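Just protein09.tsv here, TSV, C-alpha atoms:
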```
chain	number	residue	atom	x	y	z
A	1	MET	CA	-4.57	14.57	-11.22
A	2	ASN	CA	-7.36	16.15	-13.20
A	3	LEU	CA	-8.22	14.08	-16.28
A	4	PRO	CA	-9.34	15.78	-19.54
A	5	GLY	CA	-13.04	16.59	-19.47
A	6	GLN	CA	-13.41	15.60	-15.82
A	7	VAL	CA	-14.59	17.94	-13.08
A	8	SER	CA	-12.56	17.26	-9.94
A	9	LYS	CA	-12.46	18.83	-6.50
A	10	LYS	CA	-9.50	21.17	-6.23
A	11	VAL	CA	-7.51	20.67	-3.04
A	12	ILE	CA	-4.50	22.61	-1.71
A	13	VAL	CA	-2.01	20.70	0.45
A	14	THR	CA	0.22	22.92	2.59
A	15	GLY	CA	3.48	21.50	3.88
A	16	ALA	CA	3.29	19.25	0.81
A	17	ALA	CA	7.02	18.46	0.81
A	18	GLY	CA	6.97	17.13	4.37
A	19	ARG	CA	6.90	13.46	5.31
A	20	THR	CA	3.14	13.34	5.89
A	21	GLY	CA	2.19	16.13	3.50
A	22	SER	CA	3.90	14.43	0.56
A	23	LEU	CA	1.91	11.24	1.20
A	24	VAL	CA	-1.36	13.21	1.23
A	25	PHE	CA	-0.33	15.04	-1.94
A	26	SER	CA	0.66	11.81	-3.70
A	27	LEU	CA	-2.67	10.10	-2.90
A	28	LEU	CA	-4.65	13.09	-4.16
A	29	ASP	CA	-2.49	13.36	-7.27
A	30	LYS	CA	-3.25	9.76	-8.22
A	31	ASP	CA	-6.98	10.05	-7.49
A	32	PRO	CA	-9.08	11.27	-10.46
A	33	ARG	CA	-11.64	12.72	-8.05
A	34	PHE	CA	-9.18	15.47	-7.13
A	35	ASP	CA	-7.15	18.24	-8.71
A	36	VAL	CA	-4.32	18.86	-6.24
A	37	VAL	CA	-1.91	21.73	-5.77
A	38	GLY	CA	1.04	21.38	-3.42
A	39	LEU	CA	1.96	24.56	-1.55
A	40	VAL	CA	5.61	24.78	-0.44
A	41	ARG	CA	7.73	27.59	0.98
A	42	SER	CA	10.90	27.28	-1.09
A	43	GLU	CA	12.33	26.15	-4.41
A	44	ALA	CA	14.26	23.43	-2.59
A	45	SER	CA	11.00	22.05	-1.15
A	46	ALA	CA	9.38	22.18	-4.59
A	47	LYS	CA	12.23	20.16	-6.13
A	48	LYS	CA	11.99	17.69	-3.24
A	49	LEU	CA	8.25	17.19	-3.78
A	50	ILE	CA	8.56	16.77	-7.55
A	51	ALA	CA	11.39	14.25	-7.14
A	52	LYS	CA	9.47	12.29	-4.51
A	53	THR	CA	6.06	12.16	-6.18
A	54	LYS	CA	6.95	12.60	-9.90
A	55	CYS	CA	4.20	15.21	-10.11
A	56	LEU	CA	3.93	17.90	-12.76
A	57	LEU	CA	5.65	21.25	-12.29
A	58	GLU	CA	2.33	23.10	-12.57
A	59	GLU	CA	0.97	21.14	-9.60
A	60	VAL	CA	3.42	22.84	-7.21
A	61	VAL	CA	3.24	26.44	-6.03
A	62	ILE	CA	6.02	28.20	-4.12
A	63	SER	CA	4.57	30.71	-1.68
A	64	ASP	CA	4.99	31.42	2.01
A	65	VAL	CA	1.47	31.97	3.30
A	66	THR	CA	2.78	33.10	6.69
A	67	GLN	CA	4.43	36.11	5.03
A	68	MET	CA	1.43	36.97	2.87
A	69	SER	CA	-0.35	40.21	3.63
A	70	PHE	CA	-4.03	40.81	2.96
A	71	ASP	CA	-3.92	44.52	3.92
A	72	ASN	CA	-3.78	45.60	0.27
A	73	LEU	CA	-6.72	43.31	-0.48
A	74	GLU	CA	-8.85	45.01	2.17
A	75	ASP	CA	-8.24	48.55	0.90
A	76	GLY	CA	-8.51	47.64	-2.77
A	77	ARG	CA	-4.85	48.19	-3.76
A	78	ASP	CA	-4.21	44.53	-4.60
A	79	GLN	CA	-7.11	42.26	-5.43
A	80	HIS	CA	-4.97	39.15	-5.88
A	81	PRO	CA	-1.96	38.82	-3.51
A	82	TRP	CA	-1.67	35.03	-4.00
A	83	PRO	CA	-0.67	32.85	-6.99
A	84	TYR	CA	-3.52	32.36	-9.48
A	85	ALA	CA	-2.92	28.59	-9.45
A	86	LEU	CA	-4.59	28.46	-6.04
A	87	ASP	CA	-7.88	29.94	-7.25
A	88	GLY	CA	-10.94	27.71	-7.25
A	89	ALA	CA	-9.83	25.46	-4.39
A	90	GLU	CA	-12.69	23.87	-2.47
A	91	ALA	CA	-10.60	22.29	0.29
A	92	MET	CA	-7.26	22.69	2.03
A	93	VAL	CA	-5.24	20.05	3.90
A	94	ILE	CA	-2.82	21.63	6.39
A	95	CYS	CA	0.22	19.43	7.07
A	96	THR	CA	2.65	22.05	8.36
A	97	SER	CA	4.37	21.56	11.71
A	98	ALA	CA	7.43	22.75	13.58
A	99	VAL	CA	10.12	20.05	13.33
A	100	PRO	CA	12.82	19.81	16.03
A	101	GLN	CA	16.44	19.11	15.18
A	102	ILE	CA	18.61	16.90	17.34
A	103	SER	CA	21.41	18.66	19.23
A	104	LYS	CA	24.78	17.38	17.98
A	105	THR	CA	26.33	18.24	21.34
A	106	SER	CA	23.90	15.98	23.18
A	107	VAL	CA	24.70	13.13	20.76
A	108	ILE	CA	28.42	13.48	21.43
A	109	LYS	CA	27.87	13.52	25.20
A	110	ALA	CA	25.66	10.42	24.99
A	111	MET	CA	28.28	8.56	22.96
A	112	LEU	CA	31.02	9.44	25.44
A	113	LYS	CA	28.95	7.78	28.18
A	114	ILE	CA	28.67	4.46	26.30
A	115	PRO	CA	31.90	2.86	27.71
A	116	LEU	CA	30.73	3.46	31.29
A	117	ASN	CA	27.12	2.50	30.60
A	118	ILE	CA	27.95	-0.91	29.14
A	119	LEU	CA	29.79	-1.79	32.34
A	120	ASN	CA	26.57	-1.34	34.30
A	121	PRO	CA	24.04	-4.11	33.55
A	122	LYS	CA	21.22	-1.85	34.76
A	123	LYS	CA	21.94	0.78	32.14
A	124	LYS	CA	21.45	0.88	28.39
A	125	ALA	CA	24.40	1.74	26.19
A	126	ILE	CA	22.65	4.96	25.16
A	127	ASN	CA	20.11	6.72	27.33
A	128	PHE	CA	17.90	8.35	24.74
A	129	ARG	CA	16.59	10.75	27.39
A	130	ASP	CA	20.03	12.35	27.30
A	131	LEU	CA	19.45	13.41	23.70
A	132	GLN	CA	18.21	16.96	23.31
A	133	PHE	CA	16.23	18.57	20.54
A	134	LYS	CA	15.73	22.16	19.52
A	135	TYR	CA	13.96	24.15	16.83
A	136	LYS	CA	15.61	26.22	14.14
A	137	GLU	CA	15.60	29.98	14.59
A	138	GLY	CA	12.22	31.36	13.52
A	139	GLN	CA	10.71	27.86	13.21
A	140	TYR	CA	9.40	27.65	16.77
A	141	PRO	CA	6.03	26.02	17.53
A	142	GLU	CA	4.37	29.34	18.33
A	143	MET	CA	5.28	30.72	14.90
A	144	VAL	CA	4.70	27.57	12.82
A	145	ASP	CA	1.89	25.74	14.62
A	146	TYR	CA	-0.07	28.74	15.87
A	147	VAL	CA	0.67	31.94	13.96
A	148	GLY	CA	1.39	30.07	10.72
A	149	GLN	CA	-1.69	27.87	10.90
A	150	LYS	CA	-3.92	30.81	11.81
A	151	LYS	CA	-2.72	32.59	8.68
A	152	GLN	CA	-3.45	29.49	6.61
A	153	VAL	CA	-7.00	29.41	7.95
A	154	ASP	CA	-7.39	33.12	7.14
A	155	PHE	CA	-5.97	32.45	3.68
A	156	ALA	CA	-8.44	29.59	3.14
A	157	LYS	CA	-11.31	31.98	3.88
A	158	LYS	CA	-9.95	34.60	1.46
A	159	LEU	CA	-9.70	31.93	-1.26
A	160	GLY	CA	-13.28	30.76	-0.70
A	161	VAL	CA	-12.23	27.32	0.56
A	162	LYS	CA	-15.13	25.54	2.27
A	163	HIS	CA	-13.43	22.64	4.09
A	164	VAL	CA	-10.12	22.56	5.98
A	165	VAL	CA	-8.48	19.30	7.07
A	166	LEU	CA	-5.85	19.91	9.75
A	167	VAL	CA	-3.28	17.27	10.69
A	168	SER	CA	-2.40	18.05	14.30
A	169	SER	CA	-1.30	15.78	17.16
A	170	MET	CA	-2.70	13.81	20.07
A	171	GLY	CA	-1.87	14.90	23.62
A	172	GLY	CA	-3.22	18.44	23.49
A	173	LEU	CA	-4.97	18.18	26.88
A	174	ASP	CA	-1.77	17.55	28.83
A	175	PRO	CA	0.60	20.54	29.28
A	176	SER	CA	3.18	18.18	30.87
A	177	ASN	CA	3.37	15.97	27.76
A	178	PHE	CA	7.04	15.38	26.94
A	179	LEU	CA	6.61	16.88	23.46
A	180	ASN	CA	5.96	20.25	25.09
A	181	GLN	CA	9.41	20.13	26.70
A	182	ILE	CA	11.25	20.02	23.38
A	183	GLY	CA	12.89	23.39	22.81
A	184	LYS	CA	13.07	24.23	26.51
A	185	ASP	CA	16.01	24.18	28.90
A	186	LYS	CA	16.10	22.42	32.28
A	187	ASP	CA	14.41	25.42	33.89
A	188	GLY	CA	11.49	25.23	31.48
A	189	ASN	CA	12.48	28.32	29.52
A	190	GLY	CA	12.62	28.41	25.74
A	191	ASN	CA	10.44	27.91	22.69
A	192	GLY	CA	8.49	24.71	23.25
A	193	ASP	CA	4.86	23.84	24.08
A	194	ILE	CA	4.15	22.52	20.59
A	195	LEU	CA	0.95	20.70	21.61
A	196	ILE	CA	-0.37	23.79	23.39
A	197	TRP	CA	0.18	25.96	20.31
A	198	LYS	CA	-1.37	23.31	18.07
A	199	ARG	CA	-4.50	23.17	20.23
A	200	LYS	CA	-4.84	26.96	20.14
A	201	ALA	CA	-4.67	26.84	16.34
A	202	GLU	CA	-7.34	24.11	16.34
A	203	LYS	CA	-9.65	26.31	18.40
A	204	TYR	CA	-9.09	29.15	15.95
A	205	LEU	CA	-10.13	26.88	13.08
A	206	CYS	CA	-13.22	25.70	15.00
A	207	LEU	CA	-14.35	29.32	15.40
A	208	SER	CA	-13.53	30.33	11.81
A	209	GLY	CA	-16.89	29.40	10.32
A	210	LEU	CA	-15.25	26.93	7.94
A	211	GLN	CA	-16.11	23.25	7.84
A	212	TYR	CA	-13.23	21.40	9.49
A	213	THR	CA	-11.78	17.98	10.10
A	214	ILE	CA	-9.05	17.93	12.76
A	215	ILE	CA	-6.96	14.76	12.95
A	216	HIS	CA	-4.86	13.97	16.05
A	217	PRO	CA	-2.50	11.11	15.19
A	218	GLY	CA	-0.55	9.24	17.82
A	219	GLY	CA	3.18	8.74	17.28
A	220	LEU	CA	3.86	8.79	13.54
A	221	VAL	CA	5.81	5.84	12.12
A	222	ASP	CA	6.92	5.02	8.59
A	223	SER	CA	5.64	1.44	8.44
A	224	GLU	CA	3.37	0.24	5.62
A	225	SER	CA	-0.18	1.59	5.52
A	226	ASN	CA	-3.42	-0.41	5.25
A	227	LYS	CA	-2.01	-3.20	7.44
A	228	MET	CA	-3.46	-2.16	10.82
A	229	ASN	CA	-6.92	-1.58	12.24
A	230	LEU	CA	-7.54	2.13	12.67
A	231	VAL	CA	-8.89	3.10	16.09
A	232	LEU	CA	-10.56	6.50	16.49
A	233	ASP	CA	-11.63	8.25	19.69
A	234	VAL	CA	-11.58	11.69	21.30
A	235	ASP	CA	-10.03	13.76	24.11
A	236	ASP	CA	-6.75	11.80	24.48
A	237	VAL	CA	-8.50	8.60	25.59
A	238	LEU	CA	-6.20	6.63	23.26
A	239	LEU	CA	-3.13	7.76	25.22
A	240	GLN	CA	-4.10	5.16	27.80
A	241	ARG	CA	-3.30	2.39	25.31
A	242	GLU	CA	0.02	0.56	25.42
A	243	LYS	CA	0.69	1.26	21.73
A	244	LYS	CA	-0.09	4.76	20.58
A	245	SER	CA	1.46	4.94	17.12
A	246	ILE	CA	0.04	5.06	13.59
A	247	PRO	CA	1.63	4.80	10.13
A	248	ARG	CA	1.90	8.12	8.29
A	249	GLY	CA	0.26	6.51	5.27
A	250	ASP	CA	-2.83	5.70	7.33
A	251	VAL	CA	-3.04	9.32	8.46
A	252	ALA	CA	-2.87	10.34	4.80
A	253	ASN	CA	-5.68	7.89	4.03
A	254	LEU	CA	-7.79	9.48	6.78
A	255	CYS	CA	-7.22	12.89	5.18
A	256	ILE	CA	-8.62	11.56	1.89
A	257	ALA	CA	-11.53	9.98	3.77
A	258	ALA	CA	-12.29	13.33	5.38
A	259	LEU	CA	-12.49	14.94	1.94
A	260	THR	CA	-14.83	12.28	0.54
A	261	GLU	CA	-16.96	11.15	3.49
A	262	SER	CA	-17.54	14.25	5.66
A	263	GLY	CA	-20.61	15.61	3.91
A	264	ASP	CA	-21.20	18.95	5.61
A	265	LYS	CA	-20.12	17.80	9.09
A	266	SER	CA	-17.17	19.07	11.13
A	267	ILE	CA	-15.29	16.73	13.44
A	268	SER	CA	-12.14	16.48	15.55
A	269	PHE	CA	-10.73	13.10	16.59
A	270	ASP	CA	-7.68	11.11	17.73
A	271	CYS	CA	-6.33	8.06	15.90
A	272	VAL	CA	-3.88	5.18	16.39
A	273	GLY	CA	-3.17	1.88	14.66
A	274	GLU	CA	-3.89	-1.53	16.18
A	275	GLU	CA	-2.31	-4.82	15.16
A	276	VAL	CA	-4.73	-7.20	13.45
A	277	ASP	CA	-5.55	-10.53	15.10
A	278	ALA	CA	-3.04	-13.30	14.51
A	279	GLY	CA	-3.91	-15.74	11.77
A	280	GLU	CA	-3.15	-16.31	8.16
A	281	GLU	CA	-1.60	-13.17	6.80
A	282	GLY	CA	-4.02	-12.88	3.87
A	283	ASP	CA	-7.06	-13.20	6.11
A	284	ALA	CA	-5.67	-10.65	8.57
A	285	VAL	CA	-5.06	-8.03	5.89
A	286	ALA	CA	-8.47	-8.68	4.32
A	287	SER	CA	-10.13	-7.96	7.67
A	288	VAL	CA	-8.67	-4.46	7.90
A	289	LYS	CA	-11.32	-1.81	7.25
A	290	SER	CA	-10.49	1.02	4.90
A	291	ALA	CA	-9.95	4.53	6.22
A	292	GLU	CA	-13.21	5.56	4.54
A	293	GLU	CA	-15.15	2.87	6.39
A	294	VAL	CA	-13.60	3.68	9.77
A	295	PHE	CA	-14.02	7.43	9.31
A	296	GLY	CA	-17.61	7.09	8.11
A	297	GLU	CA	-18.59	4.91	11.05
A	298	PHE	CA	-16.98	7.26	13.55
A	299	LEU	CA	-18.59	10.31	11.94
A	300	SER	CA	-21.98	8.62	12.32
A	301	SER	CA	-21.35	8.14	16.06
A	302	GLY	CA	-21.55	11.90	16.61
A	303	LYS	CA	-18.43	11.96	18.80
A	304	THR	CA	-15.97	14.84	18.50
A	305	CYS	CA	-13.28	16.38	20.70
A	306	ASP	CA	-14.45	18.73	23.45
A	307	TYR	CA	-12.51	22.00	23.30
A	308	THR	CA	-13.84	23.14	26.67
A	309	LEU	CA	-11.54	20.55	28.26
A	310	GLY	CA	-7.96	21.17	29.30
A	311	PRO	CA	-6.23	23.75	31.49
A	312	LYS	CA	-7.26	27.40	31.11
A	313	GLY	CA	-5.45	29.09	28.25
A	314	MET	CA	-4.97	25.94	26.16
```
Please express the file's structure as structure tokens.
Amino acid sequence: MNLPGQVSKKVIVTGAAGRTGSLVFSLLDKDPRFDVVGLVRSEASAKKLIAKTKCLLEEVVISDVTQMSFDNLEDGRDQHPWPYALDGAEAMVICTSAVPQISKTSVIKAMLKIPLNILNPKKKAINFRDLQFKYKEGQYPEMVDYVGQKKQVDFAKKLGVKHVVLVSSMGGLDPSNFLNQIGKDKDGNGNGDILIWKRKAEKYLCLSGLQYTIIHPGGLVDSESNKMNLVLDVDDVLLQREKKSIPRGDVANLCIAALTESGDKSISFDCVGEEVDAGEEGDAVASVKSAEEVFGEFLSSGKTCDYTLGPKGM
């Protein structure tokens, strides 16, 4: 929140009503170094964000960037096709993502199998692999994670934004990753390939001319932040670890670190959380480095993801 008489960096958070986006928005809203605006697609999302973060009404803008046209801007008919509240932004944090919904039919089928499964000691009561997920009509990964994010990058350039932080996902080098199967049928047809579309959007950002920070979290969990060691690496190396998850709050902290510690450097990296060494709880928590420290050290290493890797077309 911008304090009276204070000059703060204005930051737009897209997907601000989402589970990760709302955490990023909340951290920025409480930090006097920033003046944050949450960008949401609907009135329902705006009400959700305000209720969750207790932010001011003027800090939320309802606008669907994916439906915004810049044609009138190019030919001079409309010099301002976006809400004025977004003017003056120096950075944008993109937290939008296609979100699959569980198939109710698959849940019913899995529950009907429980009586037989419990009679077999080799089987679990519920085989979670039997559960199926699908995307809502028009909310497929290609439209949300590729077309939608490309338009957000284009919009950032029109606004004069200098730095884009993109929250993506780890696993983009592996077309066979199970996340890519969500939305497809048994024959592989359908609207899936979320990691492939995300990686294509990342490449678009890398070639945009904007400064960027691309964050690839492992599996997102809702456990407490600032309790685990943050481990950063590149090119899906962290997928070889036994535990590949990270608290959403720690991802949000890394977004803030990117805004404060990047200087003029661009970087793309993967991240997971690691349990601290056993010992007295107070000592263990005290030993955890902040997101700013971890990010700064990794930035100094010069490592970044290699976008020449991966199958052709990814």
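The closest residue to Arg19 in chain A, picked from A:Lys289, A:Lys157, A:Arg248, A:Lys200 and counting all atoms listed in the file, is A:Arg248.
Closest approach to Leu166 in chain A among A:Glu202, A:Asp154, A:Asp193, A:Asp270: A:Glu202, based on all atoms listed in the file.
The nearest approach to Thr260 in chain A among the residues A:Thr213, A:Ser245, A:Gln149, A:Asn117, with all atoms listed in the file taken into account, belongs to A:Thr213.
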Item checked: Gln152 in chain A surroundings by all atoms listed in the file, 12 Å radius, close-in-sequence under 4 positions cut, as an NGL selection string -> :A and (12-15 or 39 or 63-70 or 91-96 or 144-148 or 156-159 or 161 or 164-166 or 201-202 or 204-205 or 208)
Can those selected residues be exported to a file as a compact mmCIF listing (two decimals), in the frame of the given file so that it contains C-alpha atoms?
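Contents of the output file selection13.txt:
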```txt
# COMPACT_ATOMS: atom_id res chain seq x y z
CA ILE A 12 -4.50 22.61 -1.71
CA VAL A 13 -2.01 20.70 0.45
CA THR A 14 0.22 22.92 2.59
CA GLY A 15 3.48 21.50 3.88
CA LEU A 39 1.96 24.56 -1.55
CA SER A 63 4.57 30.71 -1.68
CA ASP A 64 4.99 31.42 2.01
CA VAL A 65 1.47 31.97 3.30
CA THR A 66 2.78 33.10 6.69
CA GLN A 67 4.43 36.11 5.03
CA MET A 68 1.43 36.97 2.87
CA SER A 69 -0.35 40.21 3.63
CA PHE A 70 -4.03 40.81 2.96
CA ALA A 91 -10.60 22.29 0.29
CA MET A 92 -7.26 22.69 2.03
CA VAL A 93 -5.24 20.05 3.90
CA ILE A 94 -2.82 21.63 6.39
CA CYS A 95 0.22 19.43 7.07
CA THR A 96 2.65 22.05 8.36
CA VAL A 144 4.70 27.57 12.82
CA ASP A 145 1.89 25.74 14.62
CA TYR A 146 -0.07 28.74 15.87
CA VAL A 147 0.67 31.94 13.96
CA GLY A 148 1.39 30.07 10.72
CA ALA A 156 -8.44 29.59 3.14
CA LYS A 157 -11.31 31.98 3.88
CA LYS A 158 -9.95 34.60 1.46
CA LEU A 159 -9.70 31.93 -1.26
CA VAL A 161 -12.23 27.32 0.56
CA VAL A 164 -10.12 22.56 5.98
CA VAL A 165 -8.48 19.30 7.07
CA LEU A 166 -5.85 19.91 9.75
CA ALA A 201 -4.67 26.84 16.34
CA GLU A 202 -7.34 24.11 16.34
CA TYR A 204 -9.09 29.15 15.95
CA LEU A 205 -10.13 26.88 13.08
CA SER A 208 -13.53 30.33 11.81
```
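Taking CA of Ser168 in chain A and CA of Thr20 in chain A as the two end points, the separation is 11.1 Å.
CA of Ala252 in chain A lies 4.8 Å from CA of Val24 in chain A.
Interatomic distance, CA of Ser169 in chain A against CA of Ser103 in chain A: 23.0 Å.
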Next item on the list: Could you give me, as a PyMOL selection string, the residues within 10 Å of Glu297 in chain A, counting only C-alpha atoms and dropping anything in the same chain fewer than 5 positions from it?
Entry: chain A and resi 232+261+291-292+302
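Residue nearest Met111 in chain A within the list A:Val11, A:Leu131, A:Val99, A:Leu56: A:Leu131 [criterion: smallest interatomic distance, only C-alpha atoms].
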Show which residues sit within 9 Å of Thr105 in chain A, as a JSON list (two decimals) with C-alpha atoms, in the frame of the given file. Count all atoms listed in the file, and ignore same-chain residues fewer than 4 positions away.
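File produced: out-v7.json:
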```
[["chain", "number", "residue", "atom", "x", "y", "z"],
["A", 109, "LYS", "CA", 27.87, 13.52, 25.20],
["A", 110, "ALA", "CA", 25.66, 10.42, 24.99],
["A", 131, "LEU", "CA", 19.45, 13.41, 23.70],
["A", 132, "GLN", "CA", 18.21, 16.96, 23.31]]
```
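Near Ser223 in chain A, within 12 Å and counting all atoms listed in the file, sit Gly219, Leu220, Asn226, Lys227, Met228, Ser245, Ile246, Pro247, Arg248, Gly249, Asp250, Val251 and Gly273 of chain A; same-chain residues fewer than 3 positions away were not included.
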Residue rebuild result range 149-178 of chain A, N, CA and C atoms as a PDB file, in the frame of the given file:
```pdb
ATOM      1  N   GLN A 149      -0.442  28.558  11.230  1.00  0.00           N
ATOM      2  CA  GLN A 149      -1.690  27.870  10.900  1.00  0.00           C
ATOM      3  C   GLN A 149      -2.887  28.810  10.939  1.00  0.00           C
ATOM      4  N   LYS A 150      -2.862  29.807  11.817  1.00  0.00           N
ATOM      5  CA  LYS A 150      -3.920  30.810  11.810  1.00  0.00           C
ATOM      6  C   LYS A 150      -3.960  31.541  10.470  1.00  0.00           C
ATOM      7  N   LYS A 151      -2.774  31.881   9.965  1.00  0.00           N
ATOM      8  CA  LYS A 151      -2.720  32.590   8.680  1.00  0.00           C
ATOM      9  C   LYS A 151      -3.203  31.703   7.541  1.00  0.00           C
ATOM     10  N   GLN A 152      -2.953  30.405   7.647  1.00  0.00           N
ATOM     11  CA  GLN A 152      -3.450  29.490   6.610  1.00  0.00           C
ATOM     12  C   GLN A 152      -4.967  29.402   6.644  1.00  0.00           C
ATOM     13  N   VAL A 153      -5.535  29.412   7.831  1.00  0.00           N
ATOM     14  CA  VAL A 153      -7.000  29.410   7.950  1.00  0.00           C
ATOM     15  C   VAL A 153      -7.572  30.705   7.371  1.00  0.00           C
ATOM     16  N   ASP A 154      -6.938  31.835   7.700  1.00  0.00           N
ATOM     17  CA  ASP A 154      -7.390  33.120   7.140  1.00  0.00           C
ATOM     18  C   ASP A 154      -7.281  33.099   5.616  1.00  0.00           C
ATOM     19  N   PHE A 155      -6.190  32.529   5.120  1.00  0.00           N
ATOM     20  CA  PHE A 155      -5.970  32.450   3.680  1.00  0.00           C
ATOM     21  C   PHE A 155      -7.045  31.586   3.021  1.00  0.00           C
ATOM     22  N   ALA A 156      -7.399  30.474   3.676  1.00  0.00           N
ATOM     23  CA  ALA A 156      -8.440  29.590   3.140  1.00  0.00           C
ATOM     24  C   ALA A 156      -9.754  30.355   2.988  1.00  0.00           C
ATOM     25  N   LYS A 157     -10.073  31.192   3.951  1.00  0.00           N
ATOM     26  CA  LYS A 157     -11.310  31.980   3.880  1.00  0.00           C
ATOM     27  C   LYS A 157     -11.258  32.988   2.734  1.00  0.00           C
ATOM     28  N   LYS A 158     -10.093  33.625   2.551  1.00  0.00           N
ATOM     29  CA  LYS A 158      -9.950  34.600   1.460  1.00  0.00           C
ATOM     30  C   LYS A 158     -10.116  33.913   0.100  1.00  0.00           C
ATOM     31  N   LEU A 159      -9.627  32.676  -0.005  1.00  0.00           N
ATOM     32  CA  LEU A 159      -9.700  31.930  -1.260  1.00  0.00           C
ATOM     33  C   LEU A 159     -11.111  31.414  -1.559  1.00  0.00           C
ATOM     34  N   GLY A 160     -11.944  31.335  -0.524  1.00  0.00           N
ATOM     35  CA  GLY A 160     -13.280  30.760  -0.700  1.00  0.00           C
ATOM     36  C   GLY A 160     -13.308  29.268  -0.455  1.00  0.00           C
ATOM     37  N   VAL A 161     -12.259  28.741   0.188  1.00  0.00           N
ATOM     38  CA  VAL A 161     -12.230  27.320   0.560  1.00  0.00           C
ATOM     39  C   VAL A 161     -13.357  27.039   1.548  1.00  0.00           C
ATOM     40  N   LYS A 162     -13.996  25.883   1.402  1.00  0.00           N
ATOM     41  CA  LYS A 162     -15.130  25.540   2.270  1.00  0.00           C
ATOM     42  C   LYS A 162     -14.747  24.571   3.398  1.00  0.00           C
ATOM     43  N   HIS A 163     -13.747  23.723   3.160  1.00  0.00           N
ATOM     44  CA  HIS A 163     -13.430  22.640   4.090  1.00  0.00           C
ATOM     45  C   HIS A 163     -11.926  22.606   4.342  1.00  0.00           C
ATOM     46  N   VAL A 164     -11.528  22.647   5.603  1.00  0.00           N
ATOM     47  CA  VAL A 164     -10.120  22.560   5.980  1.00  0.00           C
ATOM     48  C   VAL A 164      -9.878  21.289   6.786  1.00  0.00           C
ATOM     49  N   VAL A 165      -8.920  20.493   6.330  1.00  0.00           N
ATOM     50  CA  VAL A 165      -8.480  19.300   7.070  1.00  0.00           C
ATOM     51  C   VAL A 165      -7.146  19.647   7.703  1.00  0.00           C
ATOM     52  N   LEU A 166      -7.064  19.552   9.014  1.00  0.00           N
ATOM     53  CA  LEU A 166      -5.850  19.910   9.750  1.00  0.00           C
ATOM     54  C   LEU A 166      -5.243  18.680  10.403  1.00  0.00           C
ATOM     55  N   VAL A 167      -4.005  18.361  10.042  1.00  0.00           N
ATOM     56  CA  VAL A 167      -3.280  17.270  10.690  1.00  0.00           C
ATOM     57  C   VAL A 167      -2.538  17.845  11.878  1.00  0.00           C
ATOM     58  N   SER A 168      -2.973  17.496  13.073  1.00  0.00           N
ATOM     59  CA  SER A 168      -2.400  18.050  14.300  1.00  0.00           C
ATOM     60  C   SER A 168      -1.688  16.931  15.072  1.00  0.00           C
ATOM     61  N   SER A 169      -1.960  16.811  16.362  1.00  0.00           N
ATOM     62  CA  SER A 169      -1.300  15.780  17.160  1.00  0.00           C
ATOM     63  C   SER A 169      -2.115  15.466  18.407  1.00  0.00           C
ATOM     64  N   MET A 170      -2.035  14.225  18.833  1.00  0.00           N
ATOM     65  CA  MET A 170      -2.700  13.810  20.070  1.00  0.00           C
ATOM     66  C   MET A 170      -1.911  14.342  21.261  1.00  0.00           C
ATOM     67  N   GLY A 171      -2.558  14.472  22.403  1.00  0.00           N
ATOM     68  CA  GLY A 171      -1.870  14.900  23.620  1.00  0.00           C
ATOM     69  C   GLY A 171      -2.103  16.347  23.986  1.00  0.00           C
ATOM     70  N   GLY A 172      -3.019  17.009  23.278  1.00  0.00           N
ATOM     71  CA  GLY A 172      -3.220  18.440  23.490  1.00  0.00           C
ATOM     72  C   GLY A 172      -3.838  18.829  24.821  1.00  0.00           C
ATOM     73  N   LEU A 173      -4.347  17.851  25.578  1.00  0.00           N
ATOM     74  CA  LEU A 173      -4.970  18.180  26.880  1.00  0.00           C
ATOM     75  C   LEU A 173      -3.979  18.157  28.027  1.00  0.00           C
ATOM     76  N   ASP A 174      -2.744  17.727  27.755  1.00  0.00           N
ATOM     77  CA  ASP A 174      -1.770  17.550  28.830  1.00  0.00           C
ATOM     78  C   ASP A 174      -0.572  18.489  28.647  1.00  0.00           C
ATOM     79  N   PRO A 175      -0.521  19.599  29.404  1.00  0.00           N
ATOM     80  CA  PRO A 175       0.600  20.540  29.280  1.00  0.00           C
ATOM     81  C   PRO A 175       1.946  19.896  29.635  1.00  0.00           C
ATOM     82  N   SER A 176       1.931  18.817  30.440  1.00  0.00           N
ATOM     83  CA  SER A 176       3.180  18.180  30.870  1.00  0.00           C
ATOM     84  C   SER A 176       3.663  17.119  29.883  1.00  0.00           C
ATOM     85  N   ASN A 177       2.944  16.934  28.762  1.00  0.00           N
ATOM     86  CA  ASN A 177       3.370  15.970  27.760  1.00  0.00           C
ATOM     87  C   ASN A 177       4.817  16.251  27.354  1.00  0.00           C
ATOM     88  N   PHE A 178       5.619  15.198  27.198  1.00  0.00           N
ATOM     89  CA  PHE A 178       7.040  15.380  26.940  1.00  0.00           C
ATOM     90  C   PHE A 178       7.318  16.165  25.665  1.00  0.00           C
TER      91      PHE A 178
END
```
